[in-house]
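Read through the structure below, which is laid out as structure tokens, and then see the notes.
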Amino acid sequence: MKYARLTKEQLEEMHQEFINFLATQSITADEWKDIKTNKPDVAEKEIDVFSDLIWEGVLNKVEFLEHFSKQQLFLFHITTATINLIAVKIENEAIDITTREGYNWLRANLMDDAVNIYTSTKAMSDDRNKDIFALIKQGASITKGELYQYFAGIVKG
């Protein structure tokens with residue numbers, strides 16, 4: 001497996017897509033029931049292949065990721081060649097930007113001495129989607145990029 005198996009809930013949500021996936025392999029509903037019952041290892045492999053296909057489709061479209069922790073915010077813009085990072089670090093342990101109050105404090109105090117903003121650019125490896133998936137596994141979420149673009153405007157100043 002290249003990525004991660006979809007959860008039971010995700011597979012249930014993608015029931016029709018999974019049926020279509022099985023159909024592309026000429027596996028009927030009856031054959032699938034038989035495979036699940038008599039060849040569970042084959043069924044597991046089919047679910048893994050399907051999961052990787054879904055992840056590939058999702059990761060191909062990713063342009064922005066965000067990762068929040070108590071005192072840090074990592075905003076990523078992913079291009080075909082680079083991963084661009086805007087990192088915001090709060091040098092005040094009393095502030096927790098994962099809470100509404102802490103996030104509101106950050107919005108109101110961007111120019112405070114306790115707020116440091118860094119930027120970085122890293123070349124994409126040969127496997128763009130694997131790089132993105134690694135960030136997601138570390139806790140990043142796929143976004144539309146509004147926060148990245150907001151901070152990019154501040155950084156450009």
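By convention in this document, the chains of the structure tokens carry letters A, B, ... by their order, each chain's residues are numbered from 1, and ligands are numbered from 1 in the order they are shown.
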
Identify, on the basis of only C-alpha atoms, every residue whose closest approach to Leu75 of chain A does not exceed 7 Å; exclude the query and any residue fewer than 5 positions from it along the same chain; express the result as a PDB file with all heavy atoms, in the first residue's frame.
ATOM      1  N   LEU A  65      -2.438  23.173   2.313  1.00  0.00           N
ATOM      2  CA  LEU A  65      -2.596  22.422   3.557  1.00  0.00           C
ATOM      3  C   LEU A  65      -2.390  23.378   4.725  1.00  0.00           C
ATOM      4  O   LEU A  65      -1.663  24.368   4.609  1.00  0.00           O
ATOM      5  CB  LEU A  65      -1.545  21.307   3.658  1.00  0.00           C
ATOM      6  CG  LEU A  65      -1.571  20.186   2.642  1.00  0.00           C
ATOM      7  CD1 LEU A  65      -0.310  19.339   2.751  1.00  0.00           C
ATOM      8  CD2 LEU A  65      -2.795  19.319   2.834  1.00  0.00           C
ATOM      9  N   GLU A  66      -3.008  23.049   5.855  1.00  0.00           N
ATOM     10  CA  GLU A  66      -2.806  23.809   7.094  1.00  0.00           C
ATOM     11  C   GLU A  66      -2.569  22.818   8.223  1.00  0.00           C
ATOM     12  O   GLU A  66      -3.175  21.746   8.248  1.00  0.00           O
ATOM     13  CB  GLU A  66      -4.065  24.615   7.474  1.00  0.00           C
ATOM     14  CG  GLU A  66      -4.420  25.697   6.542  1.00  0.00           C
ATOM     15  CD  GLU A  66      -5.730  26.408   6.912  1.00  0.00           C
ATOM     16  OE1 GLU A  66      -6.376  26.043   7.930  1.00  0.00           O
ATOM     17  OE2 GLU A  66      -6.113  27.316   6.171  1.00  0.00           O
ATOM     18  N   HIS A  67      -1.708  23.228   9.155  1.00  0.00           N
ATOM     19  CA  HIS A  67      -1.501  22.423  10.363  1.00  0.00           C
ATOM     20  C   HIS A  67      -1.390  23.365  11.557  1.00  0.00           C
ATOM     21  O   HIS A  67      -0.495  24.204  11.608  1.00  0.00           O
ATOM     22  CB  HIS A  67      -0.241  21.563  10.234  1.00  0.00           C
ATOM     23  CG  HIS A  67      -0.058  20.639  11.389  1.00  0.00           C
ATOM     24  ND1 HIS A  67       0.694  20.967  12.485  1.00  0.00           N
ATOM     25  CD2 HIS A  67      -0.552  19.406  11.621  1.00  0.00           C
ATOM     26  CE1 HIS A  67       0.659  19.963  13.353  1.00  0.00           C
ATOM     27  NE2 HIS A  67      -0.090  19.008  12.845  1.00  0.00           N
ATOM     28  N   LEU A  85       6.081  27.255   2.359  1.00  0.00           N
ATOM     29  CA  LEU A  85       5.622  27.255   3.734  1.00  0.00           C
ATOM     30  C   LEU A  85       5.598  28.665   4.288  1.00  0.00           C
ATOM     31  O   LEU A  85       6.538  29.436   4.102  1.00  0.00           O
ATOM     32  CB  LEU A  85       6.561  26.400   4.601  1.00  0.00           C
ATOM     33  CG  LEU A  85       6.396  26.505   6.122  1.00  0.00           C
ATOM     34  CD1 LEU A  85       5.073  25.917   6.578  1.00  0.00           C
ATOM     35  CD2 LEU A  85       7.563  25.831   6.829  1.00  0.00           C
ATOM     36  N   ILE A  86       4.504  28.974   4.978  1.00  0.00           N
ATOM     37  CA  ILE A  86       4.455  30.143   5.846  1.00  0.00           C
ATOM     38  C   ILE A  86       4.189  29.572   7.233  1.00  0.00           C
ATOM     39  O   ILE A  86       3.182  28.898   7.461  1.00  0.00           O
ATOM     40  CB  ILE A  86       3.340  31.136   5.450  1.00  0.00           C
ATOM     41  CG1 ILE A  86       3.579  31.676   4.043  1.00  0.00           C
ATOM     42  CG2 ILE A  86       3.260  32.270   6.472  1.00  0.00           C
ATOM     43  CD1 ILE A  86       2.453  32.553   3.512  1.00  0.00           C
ATOM     44  N   ALA A  87       5.115  29.825   8.143  1.00  0.00           N
ATOM     45  CA  ALA A  87       4.988  29.327   9.515  1.00  0.00           C
ATOM     46  C   ALA A  87       4.800  30.504  10.457  1.00  0.00           C
ATOM     47  O   ALA A  87       5.497  31.507  10.350  1.00  0.00           O
ATOM     48  CB  ALA A  87       6.229  28.539   9.910  1.00  0.00           C
ATOM     49  N   TYR A 148      -3.548  30.757   3.878  1.00  0.00           N
ATOM     50  CA  TYR A 148      -2.226  30.896   3.267  1.00  0.00           C
ATOM     51  C   TYR A 148      -2.158  32.207   2.489  1.00  0.00           C
ATOM     52  O   TYR A 148      -1.203  32.972   2.619  1.00  0.00           O
ATOM     53  CB  TYR A 148      -1.918  29.719   2.327  1.00  0.00           C
ATOM     54  CG  TYR A 148      -0.546  29.851   1.691  1.00  0.00           C
ATOM     55  CD1 TYR A 148       0.557  29.250   2.277  1.00  0.00           C
ATOM     56  CD2 TYR A 148      -0.352  30.619   0.539  1.00  0.00           C
ATOM     57  CE1 TYR A 148       1.825  29.390   1.725  1.00  0.00           C
ATOM     58  CE2 TYR A 148       0.909  30.771  -0.022  1.00  0.00           C
ATOM     59  CZ  TYR A 148       1.992  30.158   0.582  1.00  0.00           C
ATOM     60  OH  TYR A 148       3.251  30.314   0.046  1.00  0.00           O
TER      61      TYR A 148
END

Per DSSP on the backbone, what are the alpha helix (DSSP H) residues of segment 1-156 of chain A, as number ranges by chain?
-> A: 8-13, 15-24, 29-38, 40-61, 100-108, 128-137, 146-156

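Atom CA of Lys89 of chain A is found 23.8 Å from atom CA of Met124 of chain A.
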
Can you work out which one of A:Ile47, A:Ala81, A:Leu135, A:Leu73 has the shortest atom-to-atom distance to Gly102 of chain A, counting only C-alpha atoms?
-> A:Leu73

Would you kindly return, as a PyMOL selection string, each protein, DNA or RNA residue with an atom no farther than 12 Å from any atom of segment 13-24 of chain A, considering only C-alpha atoms and excluding same-chain residues fewer than 3 positions away?
-> chain A and resi 6-10+27-33+35+43+46-54

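Proximity of A:Gln72, A:Asn129, A:Gln138, A:Thr37 to Leu106 of chain A, computed with only C-alpha atoms, is greatest for A:Gln72.
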
Who sits within 10 Å of Phe68 of chain A, only C-alpha atoms, same chain under 6 positions skipped, as a list of chain:residue names | A:Phe74, A:Leu75, A:Ala87, A:Val88, A:Asp96, A:Ile97, A:Thr98, A:Gly139, A:Ala140, A:Ser141

Closest of A:Lys36, A:Arg5, A:Lys45, A:Lys156 to Tyr118 of chain A - atom-to-atom distances counting only C-alpha atoms = A:Lys156

Could you pull the residues within 10 Å of Arg128 of chain A, counting only C-alpha atoms, minus those fewer than 4 positions along the same chain, as a list in words?
-> Leu59, Asn60, Ile78, Thr79, Thr80, Ala81, Thr82, Ile83, Ala123, Met124, Ile132 and Phe133 of chain A

All strand (DSSP E or B) residues (DSSP, backbone) inside chain A, as an NGL selection string | :A and (64-68 or 72-78 or 82-90 or 115-123 or 141-143)

Output of the above residues as a compact mmCIF listing (two decimals), in the first residue's frame, restricted to N, CA and C atoms:
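Saved to selection12.txt:
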# COMPACT_ATOMS: atom_id res chain seq x y z
N PHE A 64 -3.30 23.35 -1.15
CA PHE A 64 -3.04 24.00 0.13
C PHE A 64 -3.29 23.04 1.29
N LEU A 65 -2.44 23.17 2.31
CA LEU A 65 -2.60 22.42 3.56
C LEU A 65 -2.39 23.38 4.73
N GLU A 66 -3.01 23.05 5.86
CA GLU A 66 -2.81 23.81 7.09
C GLU A 66 -2.57 22.82 8.22
N HIS A 67 -1.71 23.23 9.16
CA HIS A 67 -1.50 22.42 10.36
C HIS A 67 -1.39 23.37 11.56
N PHE A 68 -2.34 23.24 12.47
CA PHE A 68 -2.36 24.05 13.69
C PHE A 68 -1.83 23.24 14.86
N GLN A 72 1.86 27.12 17.09
CA GLN A 72 2.38 27.22 15.74
C GLN A 72 1.29 26.94 14.70
N LEU A 73 1.46 27.60 13.58
CA LEU A 73 0.57 27.42 12.45
C LEU A 73 1.45 27.23 11.22
N PHE A 74 1.25 26.13 10.51
CA PHE A 74 2.00 25.87 9.29
C PHE A 74 1.03 25.90 8.12
N LEU A 75 1.31 26.78 7.17
CA LEU A 75 0.48 26.94 5.99
C LEU A 75 1.31 26.56 4.77
N PHE A 76 0.81 25.62 3.98
CA PHE A 76 1.55 25.11 2.85
C PHE A 76 0.83 25.43 1.55
N HIS A 77 1.60 25.88 0.56
CA HIS A 77 1.09 26.01 -0.80
C HIS A 77 1.91 25.05 -1.64
N ILE A 78 1.22 24.11 -2.27
CA ILE A 78 1.91 23.07 -3.02
C ILE A 78 1.76 23.35 -4.50
N THR A 82 7.31 22.84 -6.03
CA THR A 82 7.73 23.24 -4.69
C THR A 82 6.63 23.09 -3.64
N ILE A 83 7.09 23.06 -2.40
CA ILE A 83 6.20 23.21 -1.24
C ILE A 83 6.62 24.53 -0.60
N ASN A 84 5.70 25.48 -0.60
CA ASN A 84 5.97 26.79 0.00
C ASN A 84 5.32 26.82 1.37
N LEU A 85 6.08 27.25 2.36
CA LEU A 85 5.62 27.25 3.73
C LEU A 85 5.60 28.67 4.29
N ILE A 86 4.50 28.97 4.98
CA ILE A 86 4.46 30.14 5.85
C ILE A 86 4.19 29.57 7.23
N ALA A 87 5.12 29.83 8.14
CA ALA A 87 4.99 29.33 9.51
C ALA A 87 4.80 30.50 10.46
N VAL A 88 3.85 30.36 11.36
CA VAL A 88 3.58 31.39 12.36
C VAL A 88 3.85 30.75 13.71
N LYS A 89 4.74 31.37 14.47
CA LYS A 89 5.09 30.84 15.80
C LYS A 89 4.77 31.88 16.85
N ILE A 90 4.06 31.47 17.88
CA ILE A 90 3.69 32.35 18.99
C ILE A 90 4.66 32.08 20.14
N VAL A 115 4.76 37.26 18.07
CA VAL A 115 4.37 36.57 16.83
C VAL A 115 5.52 36.65 15.83
N ASN A 116 6.01 35.49 15.44
CA ASN A 116 7.08 35.42 14.43
C ASN A 116 6.54 34.69 13.22
N ILE A 117 6.80 35.26 12.05
CA ILE A 117 6.36 34.65 10.80
C ILE A 117 7.58 34.33 9.96
N TYR A 118 7.64 33.07 9.51
CA TYR A 118 8.76 32.60 8.71
C TYR A 118 8.23 32.07 7.38
N THR A 119 9.07 32.11 6.37
CA THR A 119 8.72 31.50 5.10
C THR A 119 9.84 30.59 4.65
N SER A 120 9.47 29.61 3.86
CA SER A 120 10.45 28.67 3.35
C SER A 120 9.90 28.03 2.08
N THR A 121 10.80 27.62 1.22
CA THR A 121 10.41 26.89 0.02
C THR A 121 11.30 25.68 -0.10
N LYS A 122 10.67 24.56 -0.40
CA LYS A 122 11.41 23.30 -0.54
C LYS A 122 11.02 22.68 -1.88
N ALA A 123 12.00 22.15 -2.56
CA ALA A 123 11.72 21.48 -3.82
C ALA A 123 10.90 20.22 -3.57
N SER A 141 -4.27 19.46 7.25
CA SER A 141 -5.58 19.31 6.62
C SER A 141 -5.57 20.00 5.27
N ILE A 142 -6.29 19.43 4.34
CA ILE A 142 -6.44 20.02 3.01
C ILE A 142 -7.38 21.21 3.12
N THR A 143 -6.98 22.34 2.53
CA THR A 143 -7.83 23.53 2.57
C THR A 143 -7.91 24.18 1.19
